[in-house]
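Taking it in order: structure first as structure tokens, then the write-up.
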2 protein chains.
Amino acid sequence: MIAAQRALVQSLLDGVARIGADPPGITREAYGQGENAAMALVAEAAEGLGLACSTDAGANLTMRWAGSDPEAPPILIGSHLDSVVQGGKFDGAAGVIAGIAAIAALQASGFRPRASIEVMALRCEEAVWFGLGLIGSRSLLARLPPGALELKHARSGLTLGQSIAGCGGDPARLAEGLPLRDPQQLGAYLEVHIEQAPQLIEAGQPVAICLANPGNIRHPRIRITGEDAHTGLPHRFRRDAGLAGADFALALERLWLEEDRAGRPMAATIGRFHTLADRHAMTVVPGHFELSLDLRAYHQAHLVALEARLGAIATEVAHARDVAIDLGERSAAAPGAMDAAIVAGLAAAAGRLGLAAPRLNSPGSHDANNFAAAGVPTGMLLVRNANGSHNPREAMETDDLIAAIGVLALFLGERAA
Amino acid sequence: MIAAQRALVQSLLDGVARIGADPPGITREAYGQGENAAMALVAEAAEGLGLACSTDAGANLTMRWAGSDPEAPPILIGSHLDSVVQGGKFDGAAGVIAGIAAIAALQASGFRPRASIEVMALRCEEAVWFGLGLIGSRSLLARLPPGALELKHARSGLTLGQSIAGCGGDPARLAEGLPLRDPQQLGAYLEVHIEQAPQLIEAGQPVAICLANPGNIRHPRIRITGEDAHTGLPHRFRRDAGLAGADFALALERLWLEEDRAGRPMAATIGRFHTLADRHAMTVVPGHFELSLDLRAYHQAHLVALEARLGAIATEVAHARDVAIDLGERSAAAPGAMDAAIVAGLAAAAGRLGLAAPRLNSPGSHDANNFAAAGVPTGMLLVRNANGSHNPREAMETDDLIAAIGVLALFLGERAA
């Protein structure tokens, strides 16, 4: 049994990794050949287990193991099969495969579920294709932002609506703005995902139980305006936008470290941080600076508090440096708190398997955020992974995934009974 | 007399400002039509005063008022007529005009010099045309760096050698590496220049006596290398090159402020300060960062000490952030200390005219640096100027320039007697 389960997992991991191979990494475009072929591969495996496969209006794939009680709210297990450009083998794919393998394990044990268990391959989780992520779960739960169906695919140039239609979905149905599945009729949403940071490497544990996925506040283009000046200008006359940027970034970092020490985890990432290529020069004090900001935290109230601190920091730096700071456009995503009963149930299952399974906040956001935000009881397992994600060096041991599959199957055996 | 002097100054200021007018600023290309036409205009005025005009092998213009003693070392008064792109009306031009006007004033007073007084319009002071500045005085004193004659003009594309030849100079003569004028045979070099910072505006004084021009150490491209990472990566795992850049910049600023407080004036300018446009993104912790550095001070020993501090700061930041910092290419220019006797003489002349004439370090480097470095006794007067230089908003009052001309003429009346 263990050998058969391992063989299934390994053959699916290897099979999916061959699709979209783009050495040294993996590139599987959302709504493209790579995602479609990976969906076909897992669907074939699911059909081999007797699951019923279907495509919804968002072109998501659902693989359903029917329960004995048609009235019992189904349990969904989801993740995704698209990747970033030159990504790794496990981000997304491991979670879909874990769902299928957990069902195989339950079947092999002779278990028959009362509630249906449905494994979903959700479309376009990665934000690189349309500048918007988690699209499959947004489609399913009517959480697409206005205008989303008109966004253009970074490679094909097709709109999201056209892309969905091309994969057998129904964008007109999505445009109605109604959920494809009523969240109140879903018993749970579960997701297995590689961890996107090395916390489990550090802890020496194969599996963690997720407490929450972060929400974020993003400012893609914060502009700082001081005054371009001659290199010889004494310090007291300068209005240096670059040094104001440095102050701003380090003030946000101090805030982060204070919050972490106070037990309020967050992150502040400044990915773009730059003087302007069309005007900066070695002998000019920079009067213009731009930066992006991704501020993430695990509770809505915390995000609200952080946003107030962000505003105060901008005001302080602007005053101290005699510059203007324009935070510019803002977007926000809600945090996804995991369901306390599911966290407890997953912990109990892990304990029975002898796993310490630390409880961790997820570094990244996931489709689980949308289910949690829609009120579906949600849980996640994170699997140990070296070297982060979104790069070809992602490294997950199959044994660690199998440990997660064991926890998931044991939990499902109770939850779906 | 005062009225005639003012009329001459104003007509030359206005005439030069019309050449290269490029609203809202002034653009006079070195070795181009603008610089040539401005030279012709001032030469015509000089000839009207009976000065003998000639062009040297560097294509510099010399306007000579012959002294009565051919053995007396001549006194040079220089500045430049090129400008940056969209510069102001006074940077350079005011100094050449001041030299001519001082001679006019001395002539009107009936003075006859023992030593010759020569006003020079030195070519290509601005670094924007060839990425190298002070070229006229470098040509004169054999201080061109190796390969300089092969540098390409930013607009015409001609080499420096071709540019000089095209203006009547002799690049083959310069290639010999010998000075066009023996610095030991020069009695003094004097320069009037607008201040490039608002220190005189702040002091409420029209004229300052310069104590020294800064030398510099420059690193055009310092590279910081950490590791690109997922936004979700906890702080303790990050190797953020952008935040390392912020640390580095602010450490240099603290050094600057400490040195200033300790009475050791300097400046540290980071003009280019940026993540990399081809790889940065809002959701990626930046693993790569670049910056330029211009470190300037007024004494060679101070620059040596600052360079040691720079190295220590790079080492500290690299260690604290777990990044590599490569300072890359380095260039250096020597500080130009003014001659103590000339400083005293200019101060005495200013005093007799009722001017407080504070003694200031020049914010910028000037052709005077090359004369001082070559051992020529050198002095400078700085003229009050709002809004800095290298921009169209430079603002000098003609009365302030006339005050400087008065000091210069009075000093020449003693020094050339």
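Residues are named by chain letter and number: chains run A, B, ... in the order of the structure tokens, numbers start at 1 in each chain, and ligands are numbered from 1 in the order shown.
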
Q. Could you pull out the alpha helix (DSSP H) residues of range 129-359 of chain B from DSSP and send them as a ChimeraX atom specification?
A. /B:135-140,160-166,171-175,199-203,241-261,300-321,340-352

Check every residue of chain B for an atom within 8 Å of chain A, counting only C-alpha atoms, and provide those that qualify as an mmCIF file with all heavy atoms, in the first residue's frame.
data_model
loop_
_atom_site.group_PDB
_atom_site.id
_atom_site.type_symbol
_atom_site.label_atom_id
_atom_site.label_comp_id
_atom_site.auth_asym_id
_atom_site.auth_seq_id
_atom_site.Cartn_x
_atom_site.Cartn_y
_atom_site.Cartn_z
ATOM 1 N N GLN B 196 27.962 77.556 -6.488
ATOM 2 C CA GLN B 196 27.028 76.538 -6.984
ATOM 3 C C GLN B 196 26.130 76.018 -5.879
ATOM 4 O O GLN B 196 25.526 74.952 -5.985
ATOM 5 C CB GLN B 196 27.835 75.437 -7.681
ATOM 6 C CG GLN B 196 28.492 76.034 -8.944
ATOM 7 C CD GLN B 196 29.400 75.089 -9.676
ATOM 8 O OE1 GLN B 196 30.368 74.615 -9.132
ATOM 9 N NE2 GLN B 196 29.057 74.807 -10.926
ATOM 10 N N ALA B 197 26.068 76.789 -4.800
ATOM 11 C CA ALA B 197 25.193 76.490 -3.666
ATOM 12 C C ALA B 197 24.752 77.846 -3.125
ATOM 13 O O ALA B 197 25.330 78.875 -3.472
ATOM 14 C CB ALA B 197 25.963 75.704 -2.612
ATOM 15 N N PRO B 198 23.733 77.868 -2.278
ATOM 16 C CA PRO B 198 23.219 79.163 -1.816
ATOM 17 C C PRO B 198 23.833 79.649 -0.504
ATOM 18 O O PRO B 198 23.168 80.304 0.278
ATOM 19 C CB PRO B 198 21.720 78.885 -1.677
ATOM 20 C CG PRO B 198 21.634 77.435 -1.371
ATOM 21 C CD PRO B 198 22.841 76.768 -1.951
ATOM 22 N N PRO B 220 31.697 54.960 -10.050
ATOM 23 C CA PRO B 220 30.490 55.132 -10.872
ATOM 24 C C PRO B 220 29.477 53.994 -10.725
ATOM 25 O O PRO B 220 28.296 54.201 -10.969
ATOM 26 C CB PRO B 220 31.025 55.203 -12.309
ATOM 27 C CG PRO B 220 32.447 54.786 -12.254
ATOM 28 C CD PRO B 220 32.928 54.887 -10.840
ATOM 29 N N ALA B 229 14.284 36.882 -3.861
ATOM 30 C CA ALA B 229 13.504 35.920 -3.078
ATOM 31 C C ALA B 229 12.021 36.265 -3.119
ATOM 32 O O ALA B 229 11.625 37.377 -3.470
ATOM 33 C CB ALA B 229 13.996 35.895 -1.635
ATOM 34 N N HIS B 230 11.198 35.280 -2.723
ATOM 35 C CA HIS B 230 9.745 35.431 -2.662
ATOM 36 C C HIS B 230 9.369 36.434 -1.565
ATOM 37 O O HIS B 230 9.977 36.469 -0.510
ATOM 38 C CB HIS B 230 9.149 34.055 -2.359
ATOM 39 C CG HIS B 230 7.656 33.998 -2.443
ATOM 40 N ND1 HIS B 230 6.842 34.448 -1.443
ATOM 41 C CD2 HIS B 230 6.842 33.543 -3.422
ATOM 42 C CE1 HIS B 230 5.578 34.256 -1.800
ATOM 43 N NE2 HIS B 230 5.550 33.716 -3.002
ATOM 44 N N THR B 231 8.348 37.249 -1.873
ATOM 45 C CA THR B 231 7.864 38.253 -0.927
ATOM 46 C C THR B 231 7.548 37.680 0.437
ATOM 47 O O THR B 231 7.522 38.413 1.420
ATOM 48 C CB THR B 231 6.517 38.855 -1.402
ATOM 49 O OG1 THR B 231 6.381 38.658 -2.789
ATOM 50 C CG2 THR B 231 6.416 40.298 -1.040
ATOM 51 N N GLY B 232 7.217 36.412 0.473
ATOM 52 C CA GLY B 232 6.806 35.817 1.738
ATOM 53 C C GLY B 232 7.978 35.405 2.611
ATOM 54 O O GLY B 232 7.771 34.949 3.740
ATOM 55 N N LEU B 233 9.189 35.533 2.147
ATOM 56 C CA LEU B 233 10.338 35.053 2.916
ATOM 57 C C LEU B 233 10.481 35.840 4.222
ATOM 58 O O LEU B 233 10.550 37.063 4.207
ATOM 59 C CB LEU B 233 11.613 35.197 2.084
ATOM 60 C CG LEU B 233 12.841 34.463 2.622
ATOM 61 C CD1 LEU B 233 12.642 32.948 2.544
ATOM 62 C CD2 LEU B 233 14.089 34.849 1.838
ATOM 63 N N PRO B 234 10.518 35.128 5.355
ATOM 64 C CA PRO B 234 10.678 35.859 6.629
ATOM 65 C C PRO B 234 11.978 36.664 6.652
ATOM 66 O O PRO B 234 12.938 36.343 5.950
ATOM 67 C CB PRO B 234 10.719 34.727 7.672
ATOM 68 C CG PRO B 234 9.955 33.607 7.040
ATOM 69 C CD PRO B 234 10.298 33.692 5.575
ATOM 70 N N HIS B 235 11.986 37.670 7.508
ATOM 71 C CA HIS B 235 13.104 38.613 7.548
ATOM 72 C C HIS B 235 14.437 37.924 7.765
ATOM 73 O O HIS B 235 15.435 38.270 7.125
ATOM 74 C CB HIS B 235 12.846 39.650 8.641
ATOM 75 C CG HIS B 235 13.811 40.776 8.596
ATOM 76 N ND1 HIS B 235 15.062 40.718 9.178
ATOM 77 C CD2 HIS B 235 13.735 41.987 7.998
ATOM 78 C CE1 HIS B 235 15.691 41.852 8.958
ATOM 79 N NE2 HIS B 235 14.915 42.631 8.247
ATOM 80 N N PHE B 237 15.674 35.273 6.844
ATOM 81 C CA PHE B 237 16.263 34.557 5.706
ATOM 82 C C PHE B 237 16.648 35.503 4.561
ATOM 83 O O PHE B 237 17.239 35.087 3.584
ATOM 84 C CB PHE B 237 15.286 33.518 5.152
ATOM 85 C CG PHE B 237 14.885 32.467 6.146
ATOM 86 C CD1 PHE B 237 13.574 32.375 6.579
ATOM 87 C CD2 PHE B 237 15.821 31.565 6.640
ATOM 88 C CE1 PHE B 237 13.190 31.396 7.491
ATOM 89 C CE2 PHE B 237 15.444 30.587 7.554
ATOM 90 C CZ PHE B 237 14.121 30.504 7.987
ATOM 91 N N GLY B 242 18.510 45.836 -1.740
ATOM 92 C CA GLY B 242 17.972 47.194 -1.674
ATOM 93 C C GLY B 242 18.143 47.789 -0.283
ATOM 94 O O GLY B 242 18.575 48.937 -0.130
ATOM 95 N N LEU B 243 17.819 47.011 0.741
ATOM 96 C CA LEU B 243 17.984 47.517 2.103
ATOM 97 C C LEU B 243 19.468 47.678 2.440
ATOM 98 O O LEU B 243 19.846 48.594 3.185
ATOM 99 C CB LEU B 243 17.288 46.593 3.102
ATOM 100 C CG LEU B 243 15.750 46.569 2.990
ATOM 101 C CD1 LEU B 243 15.152 45.635 4.032
ATOM 102 C CD2 LEU B 243 15.151 47.969 3.127
ATOM 103 N N GLY B 245 21.621 48.662 0.272
ATOM 104 C CA GLY B 245 21.912 49.955 -0.356
ATOM 105 C C GLY B 245 21.471 51.112 0.531
ATOM 106 O O GLY B 245 22.172 52.120 0.673
ATOM 107 N N ALA B 246 20.297 50.956 1.158
ATOM 108 C CA ALA B 246 19.794 52.002 2.063
ATOM 109 C C ALA B 246 20.738 52.159 3.252
ATOM 110 O O ALA B 246 21.085 53.284 3.643
ATOM 111 C CB ALA B 246 18.382 51.651 2.534
ATOM 112 N N ASP B 247 21.169 51.038 3.837
ATOM 113 C CA ASP B 247 22.131 51.102 4.951
ATOM 114 C C ASP B 247 23.406 51.829 4.536
ATOM 115 O O ASP B 247 23.933 52.669 5.272
ATOM 116 C CB ASP B 247 22.544 49.679 5.374
ATOM 117 C CG ASP B 247 21.502 48.979 6.216
ATOM 118 O OD1 ASP B 247 20.587 49.641 6.712
ATOM 119 O OD2 ASP B 247 21.623 47.746 6.375
ATOM 120 N N ALA B 249 23.969 53.950 2.051
ATOM 121 C CA ALA B 249 23.778 55.378 1.792
ATOM 122 C C ALA B 249 23.656 56.172 3.087
ATOM 123 O O ALA B 249 24.244 57.237 3.244
ATOM 124 C CB ALA B 249 22.529 55.581 0.925
ATOM 125 N N LEU B 250 22.899 55.617 4.030
ATOM 126 C CA LEU B 250 22.691 56.370 5.277
ATOM 127 C C LEU B 250 23.941 56.337 6.159
ATOM 128 O O LEU B 250 24.202 57.294 6.899
ATOM 129 C CB LEU B 250 21.454 55.842 6.005
ATOM 130 C CG LEU B 250 20.134 56.106 5.246
ATOM 131 C CD1 LEU B 250 18.960 55.496 5.999
ATOM 132 C CD2 LEU B 250 19.893 57.596 5.011
ATOM 133 N N ALA B 267 31.510 66.042 1.170
ATOM 134 C CA ALA B 267 30.173 65.699 0.696
ATOM 135 C C ALA B 267 30.209 64.278 0.164
ATOM 136 O O ALA B 267 31.236 63.814 -0.326
ATOM 137 C CB ALA B 267 29.694 66.668 -0.386
ATOM 138 N N THR B 269 27.718 62.074 -2.342
ATOM 139 C CA THR B 269 26.514 62.115 -3.172
ATOM 140 C C THR B 269 26.315 60.775 -3.854
ATOM 141 O O THR B 269 27.226 60.257 -4.497
ATOM 142 C CB THR B 269 26.636 63.216 -4.242
ATOM 143 O OG1 THR B 269 26.813 64.457 -3.576
ATOM 144 C CG2 THR B 269 25.391 63.261 -5.112
ATOM 145 N N ILE B 270 25.113 60.254 -3.702
ATOM 146 C CA ILE B 270 24.740 59.013 -4.376
ATOM 147 C C ILE B 270 23.704 59.400 -5.415
ATOM 148 O O ILE B 270 22.534 59.598 -5.106
ATOM 149 C CB ILE B 270 24.220 57.979 -3.358
ATOM 150 C CG1 ILE B 270 25.387 57.581 -2.439
ATOM 151 C CG2 ILE B 270 23.631 56.764 -4.066
ATOM 152 C CD1 ILE B 270 25.023 56.678 -1.304
ATOM 153 N N GLY B 271 24.164 59.575 -6.636
ATOM 154 C CA GLY B 271 23.295 60.088 -7.689
ATOM 155 C C GLY B 271 22.436 59.000 -8.306
ATOM 156 O O GLY B 271 21.258 59.187 -8.567
ATOM 157 N N ARG B 272 23.051 57.841 -8.571
ATOM 158 C CA ARG B 272 22.325 56.674 -9.073
ATOM 159 C C ARG B 272 22.177 55.712 -7.912
ATOM 160 O O ARG B 272 23.156 55.387 -7.241
ATOM 161 C CB ARG B 272 23.091 56.014 -10.217
ATOM 162 C CG ARG B 272 23.142 56.857 -11.475
ATOM 163 C CD ARG B 272 23.615 56.039 -12.679
ATOM 164 N NE ARG B 272 25.001 55.661 -12.546
ATOM 165 C CZ ARG B 272 26.020 56.299 -13.109
ATOM 166 N NH1 ARG B 272 25.785 57.340 -13.867
ATOM 167 N NH2 ARG B 272 27.247 55.897 -12.919
ATOM 168 N N PHE B 273 20.963 55.217 -7.697
ATOM 169 C CA PHE B 273 20.662 54.474 -6.470
ATOM 170 C C PHE B 273 19.460 53.608 -6.809
ATOM 171 O O PHE B 273 18.326 54.063 -6.745
ATOM 172 C CB PHE B 273 20.340 55.505 -5.372
ATOM 173 C CG PHE B 273 20.170 54.961 -3.982
ATOM 174 C CD1 PHE B 273 21.170 54.236 -3.362
ATOM 175 C CD2 PHE B 273 19.003 55.215 -3.259
ATOM 176 C CE1 PHE B 273 21.016 53.768 -2.060
ATOM 177 C CE2 PHE B 273 18.843 54.749 -1.960
ATOM 178 C CZ PHE B 273 19.846 54.025 -1.361
ATOM 179 N N HIS B 274 19.696 52.336 -7.209
ATOM 180 C CA HIS B 274 18.572 51.650 -7.849
ATOM 181 C C HIS B 274 18.664 50.124 -7.885
ATOM 182 O O HIS B 274 19.722 49.546 -8.093
ATOM 183 C CB HIS B 274 18.423 52.161 -9.282
ATOM 184 C CG HIS B 274 19.648 51.967 -10.134
ATOM 185 N ND1 HIS B 274 19.811 50.868 -10.930
ATOM 186 C CD2 HIS B 274 20.759 52.712 -10.296
ATOM 187 C CE1 HIS B 274 20.970 50.954 -11.563
ATOM 188 N NE2 HIS B 274 21.574 52.057 -11.189
ATOM 189 N N THR B 275 17.486 49.505 -7.726
ATOM 190 C CA THR B 275 17.322 48.113 -8.124
ATOM 191 C C THR B 275 17.408 48.058 -9.650
ATOM 192 O O THR B 275 17.393 49.087 -10.320
ATOM 193 C CB THR B 275 15.961 47.570 -7.647
ATOM 194 O OG1 THR B 275 14.937 48.536 -7.953
ATOM 195 C CG2 THR B 275 15.968 47.337 -6.139
ATOM 196 N N HIS B 280 13.808 43.742 -11.260
ATOM 197 C CA HIS B 280 13.065 44.034 -10.034
ATOM 198 C C HIS B 280 11.553 43.890 -10.276
ATOM 199 O O HIS B 280 11.080 44.005 -11.397
ATOM 200 C CB HIS B 280 13.416 45.399 -9.457
ATOM 201 C CG HIS B 280 13.075 46.580 -10.318
ATOM 202 N ND1 HIS B 280 13.420 47.869 -9.996
ATOM 203 C CD2 HIS B 280 12.413 46.677 -11.498
ATOM 204 C CE1 HIS B 280 12.981 48.688 -10.916
ATOM 205 N NE2 HIS B 280 12.376 47.995 -11.834
ATOM 206 N N ALA B 281 10.807 43.633 -9.218
ATOM 207 C CA ALA B 281 9.354 43.474 -9.320
ATOM 208 C C ALA B 281 8.759 43.678 -7.936
ATOM 209 O O ALA B 281 9.442 43.484 -6.929
ATOM 210 C CB ALA B 281 8.997 42.084 -9.839
ATOM 211 N N MET B 282 7.491 44.070 -7.924
ATOM 212 C CA MET B 282 6.841 44.389 -6.644
ATOM 213 C C MET B 282 6.876 43.207 -5.681
ATOM 214 O O MET B 282 6.929 43.401 -4.472
ATOM 215 C CB MET B 282 5.394 44.827 -6.895
ATOM 216 C CG MET B 282 4.642 45.164 -5.612
ATOM 217 S SD MET B 282 3.115 46.066 -5.917
ATOM 218 C CE MET B 282 2.215 44.882 -6.893
ATOM 219 N N THR B 283 6.818 41.994 -6.212
ATOM 220 C CA THR B 283 6.680 40.835 -5.337
ATOM 221 C C THR B 283 7.963 40.009 -5.247
ATOM 222 O O THR B 283 7.907 38.819 -4.941
ATOM 223 C CB THR B 283 5.519 39.947 -5.826
ATOM 224 O OG1 THR B 283 5.776 39.624 -7.190
ATOM 225 C CG2 THR B 283 4.197 40.657 -5.707
ATOM 226 N N VAL B 284 9.080 40.626 -5.505
ATOM 227 C CA VAL B 284 10.364 39.928 -5.375
ATOM 228 C C VAL B 284 11.289 40.745 -4.460
ATOM 229 O O VAL B 284 11.507 41.930 -4.705
ATOM 230 C CB VAL B 284 11.043 39.745 -6.756
ATOM 231 C CG1 VAL B 284 12.413 39.079 -6.603
ATOM 232 C CG2 VAL B 284 10.157 38.924 -7.686
ATOM 233 N N VAL B 285 11.795 40.105 -3.414
ATOM 234 C CA VAL B 285 12.817 40.747 -2.583
ATOM 235 C C VAL B 285 14.038 40.964 -3.475
ATOM 236 O O VAL B 285 14.526 40.017 -4.089
ATOM 237 C CB VAL B 285 13.204 39.830 -1.398
ATOM 238 C CG1 VAL B 285 14.283 40.498 -0.538
ATOM 239 C CG2 VAL B 285 11.977 39.482 -0.562
ATOM 240 N N PRO B 286 14.538 42.217 -3.588
ATOM 241 C CA PRO B 286 15.599 42.458 -4.573
ATOM 242 C C PRO B 286 16.957 41.906 -4.123
ATOM 243 O O PRO B 286 17.444 42.233 -3.052
ATOM 244 C CB PRO B 286 15.644 43.983 -4.691
ATOM 245 C CG PRO B 286 15.096 44.492 -3.407
ATOM 246 C CD PRO B 286 14.106 43.468 -2.922
ATOM 247 N N SER B 292 25.963 54.844 -7.540
ATOM 248 C CA SER B 292 27.189 55.596 -7.818
ATOM 249 C C SER B 292 27.550 56.388 -6.563
ATOM 250 O O SER B 292 26.694 56.656 -5.729
ATOM 251 C CB SER B 292 26.970 56.559 -8.983
ATOM 252 O OG SER B 292 26.011 57.551 -8.632
ATOM 253 N N LEU B 293 28.817 56.743 -6.458
ATOM 254 C CA LEU B 293 29.250 57.531 -5.307
ATOM 255 C C LEU B 293 30.247 58.590 -5.737
ATOM 256 O O LEU B 293 31.222 58.298 -6.446
ATOM 257 C CB LEU B 293 29.884 56.616 -4.253
ATOM 258 C CG LEU B 293 30.481 57.346 -3.034
ATOM 259 C CD1 LEU B 293 29.402 58.067 -2.240
ATOM 260 C CD2 LEU B 293 31.209 56.353 -2.129
ATOM 261 N N ASP B 294 29.995 59.825 -5.333
ATOM 262 C CA ASP B 294 30.944 60.920 -5.476
ATOM 263 C C ASP B 294 31.236 61.406 -4.059
ATOM 264 O O ASP B 294 30.362 61.935 -3.385
ATOM 265 C CB ASP B 294 30.322 62.045 -6.330
ATOM 266 C CG ASP B 294 31.202 63.292 -6.409
ATOM 267 O OD1 ASP B 294 31.422 63.943 -5.361
ATOM 268 O OD2 ASP B 294 31.638 63.630 -7.510
ATOM 269 N N SER B 362 34.660 76.125 -1.979
ATOM 270 C CA SER B 362 33.792 76.042 -3.149
ATOM 271 C C SER B 362 33.047 74.711 -3.131
ATOM 272 O O SER B 362 33.645 73.672 -2.867
ATOM 273 C CB SER B 362 34.619 76.124 -4.428
ATOM 274 O OG SER B 362 33.836 75.721 -5.537
ATOM 275 N N PRO B 363 31.752 74.720 -3.412
ATOM 276 C CA PRO B 363 31.044 73.440 -3.499
ATOM 277 C C PRO B 363 31.530 72.606 -4.685
ATOM 278 O O PRO B 363 31.591 71.394 -4.616
ATOM 279 C CB PRO B 363 29.590 73.853 -3.674
ATOM 280 C CG PRO B 363 29.529 75.302 -3.293
ATOM 281 C CD PRO B 363 30.873 75.872 -3.619
ATOM 282 N N GLY B 364 31.870 73.282 -5.799
ATOM 283 C CA GLY B 364 32.219 72.551 -7.010
ATOM 284 C C GLY B 364 33.709 72.594 -7.299
ATOM 285 O O GLY B 364 34.463 73.370 -6.701
ATOM 286 N N GLY B 388 21.389 77.352 -7.231
ATOM 287 C CA GLY B 388 22.429 76.423 -7.674
ATOM 288 C C GLY B 388 22.814 76.658 -9.120
ATOM 289 O O GLY B 388 22.449 77.664 -9.741
ATOM 290 N N SER B 389 23.600 75.739 -9.660
ATOM 291 C CA SER B 389 23.967 75.878 -11.067
ATOM 292 C C SER B 389 23.551 74.616 -11.815
ATOM 293 O O SER B 389 22.917 73.733 -11.256
ATOM 294 C CB SER B 389 25.461 76.147 -11.224
ATOM 295 O OG SER B 389 26.202 74.988 -10.983
ATOM 296 N N HIS B 390 23.876 74.571 -13.105
ATOM 297 C CA HIS B 390 23.497 73.442 -13.968
ATOM 298 C C HIS B 390 21.992 73.335 -14.097
ATOM 299 O O HIS B 390 21.449 72.241 -14.255
ATOM 300 C CB HIS B 390 24.087 72.112 -13.457
ATOM 301 C CG HIS B 390 25.586 72.050 -13.590
ATOM 302 N ND1 HIS B 390 26.299 70.903 -13.347
ATOM 303 C CD2 HIS B 390 26.485 72.982 -13.961
ATOM 304 C CE1 HIS B 390 27.594 71.151 -13.545
ATOM 305 N NE2 HIS B 390 27.732 72.406 -13.913
#

Q) Neighbours of range 32-46 of chain B within 7 Å (only C-alpha atoms; same-chain residues fewer than 5 positions away dropped), as an MDAnalysis selection string? A) chainID B and resid 16 19:20 51 53 63 81:82 100

**Q.** Nearest-residue call for Leu13 in chain A, choices A:Met396, A:Ile117, A:Val207, A:Ala403, using only C-alpha atoms
**A.** A:Met396

(Q) Considering only C-alpha atoms, can you say which of A:Ala175, A:Ile26, A:Val9, A:Leu327 comes closest to Ala57 in chain A? (A) A:Ala175

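The protein and nucleic acid residues lying at most 8 Å from Ser68 in chain A are A:Arg112, A:Pro113, A:Arg114, A:Ala115, A:Ser116, with only C-alpha atoms considered and sequence neighbours fewer than 3 positions away removed.
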
**Q.** Near-range 377-383 of chain A list (6 Å; only C-alpha atoms; drop same-chain fewer than 2 positions) as a list in words
**A.** Ala188, Tyr189, Leu190, Glu191, Val192, His193, Ile194, Glu195, Pro206, Val207, Ala208, Ile209, Cys210, Met338, Asp339, Ile342 and Ala372 of chain A

Q) Which residues come within 9 Å of Asn370 in chain B, counting only C-alpha atoms, excluding same-chain residues fewer than 6 positions away, as a PyMOL selection string? A) chain B and resi 134+137-138+141+143+334+336+376

Q.
Give me, as JSON, numbers by chain, the residues of range 6-128 of chain A that a backbone DSSP run labels strand (DSSP E).
A. {"A": [21, 22, 25, 26, 52, 53, 54, 55, 61, 62, 63, 64, 65, 75, 76, 77, 78, 79, 80, 117, 118, 119, 120, 121, 122]}

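Proximity to Ser83 in chain B was assessed for B:Gln162, B:Ala7, B:Pro392, B:Ala333 counting only C-alpha atoms; the smallest distance is recorded for B:Pro392.
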